[in-house]
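Q: Can you read through this structure? Questions will come right after.
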Amino acid sequence: VATAGLMVSRCAGDERYFGFLEVLFERQQQWAYSEEPLERLKDIAKQGGFTDASFDACLKNEDILDHIRDVQKRAYEQLEVGSTPTFFINGEKVEGAMPFADFEKIIAKHLPES
């Protein structure tokens with residue numbers, strides 16, 4: 001389902017890509033964990049201007065899917081990313097969900113002291 005969400009964001013176009021991602025994260029509980037995640041995703045996409053046909057065409061777009069798979073493969077093989085979330089902060093790999101306070105400490109150690 002996450003791949004479908006990313007594909008829809010890509011199909012929305014460069015100008016709307018980040019806006020779609022933001023909405024999908026805000027409404028993640030409504031679509032990603034529903035009984036019919038693709039239908040709920042379609043509902044959100046329609047609010048953003050997609051039609052049934054453009055939504056279906058997007059999810060069948062092999063070029064977008066291949067690009068996503070290529071990025072995933074490179075991340076796994078070259079950067080050894082095996083989980084989400086994974087961040088690289090000045091070369092330090094930080095994996096897994098954590099409280100913001102812990103993440104903030106990791107970031108702080110990489111900032112210049114003022």
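Quick note on naming: the chains in the structure tokens go A, B, ... in the order shown, residues restart at 1 in each chain, and ligands are numbered from 1 in order of appearance.
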Per DSSP on the backbone, what are the helix (DSSP H, G or I) residues of chain A, as a PyMOL selection string?
A: chain A and resi 2-11+17-26+28-31+37-47+52-59+62-79+100-109
Q: Please identify all polymer residues within 12 Å of Gly82 (chain A), counting only C-alpha atoms, omitting same-chain residues fewer than 3 positions from it, and present them as an MDAnalysis selection string.
A: chainID A and resid 72:79 85:87 93:96
Q: Pull the strand (DSSP E) assignments for chain A out of DSSP run on the backbone, and list those residues as a ChimeraX atom specification.
A: /A:86-89,92-95
Q: Identify, on the basis of only C-alpha atoms, every residue whose closest approach to Pro37 (chain A) does not exceed 10 Å; exclude the query and any residue fewer than 4 positions from it along the same chain; express the result as an MDAnalysis selection string.
A: chainID A and resid 1:2 4:5 28:33 41:43
Q: Using only C-alpha atoms, find the one residue out of A:Glu104, A:Glu80, A:Leu21, A:Asp70 that sits nearest to Met7 (chain A).
A: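 Of A:Glu104, A:Glu80, A:Leu21, A:Asp70, the one nearest Met7 (chain A), counting only C-alpha atoms, is A:Leu21.
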Q: Taking into account only C-alpha atoms, which residue in the set A:Ser34, A:Asp66, A:Leu6, A:Asp102 is nearest to Gly19 (chain A)?
A: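 Closest to Gly19 (chain A), using only C-alpha atoms: A:Leu6.
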Q: If we count only C-alpha atoms and set the cut-off at 12 Å, which residues sit around Ala12 (chain A), ignoring sequence neighbours fewer than 2 positions away in its own chain? Please answer as a list of chain:residue names.
A: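 Near Ala12 (chain A), the qualifying residues are A:Gly5, A:Leu6, A:Met7, A:Val8, A:Ser9, A:Arg10, A:Asp14, A:Glu15, A:Arg16, A:Tyr17, A:Phe18, A:Gly19, A:Phe20, A:Leu21, A:Ile44, A:Ala45, A:Lys46, A:Gln47, A:Gly48, A:Gly49, A:Phe50, A:Thr51, A:Ser54, A:Phe55, A:Cys58, A:Leu59, A:Ile64.
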Q: Do you have the CA of Lys60 (chain A)-CA of Leu38 (chain A) distance handy?
A: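 It comes out at 13.0 Å.
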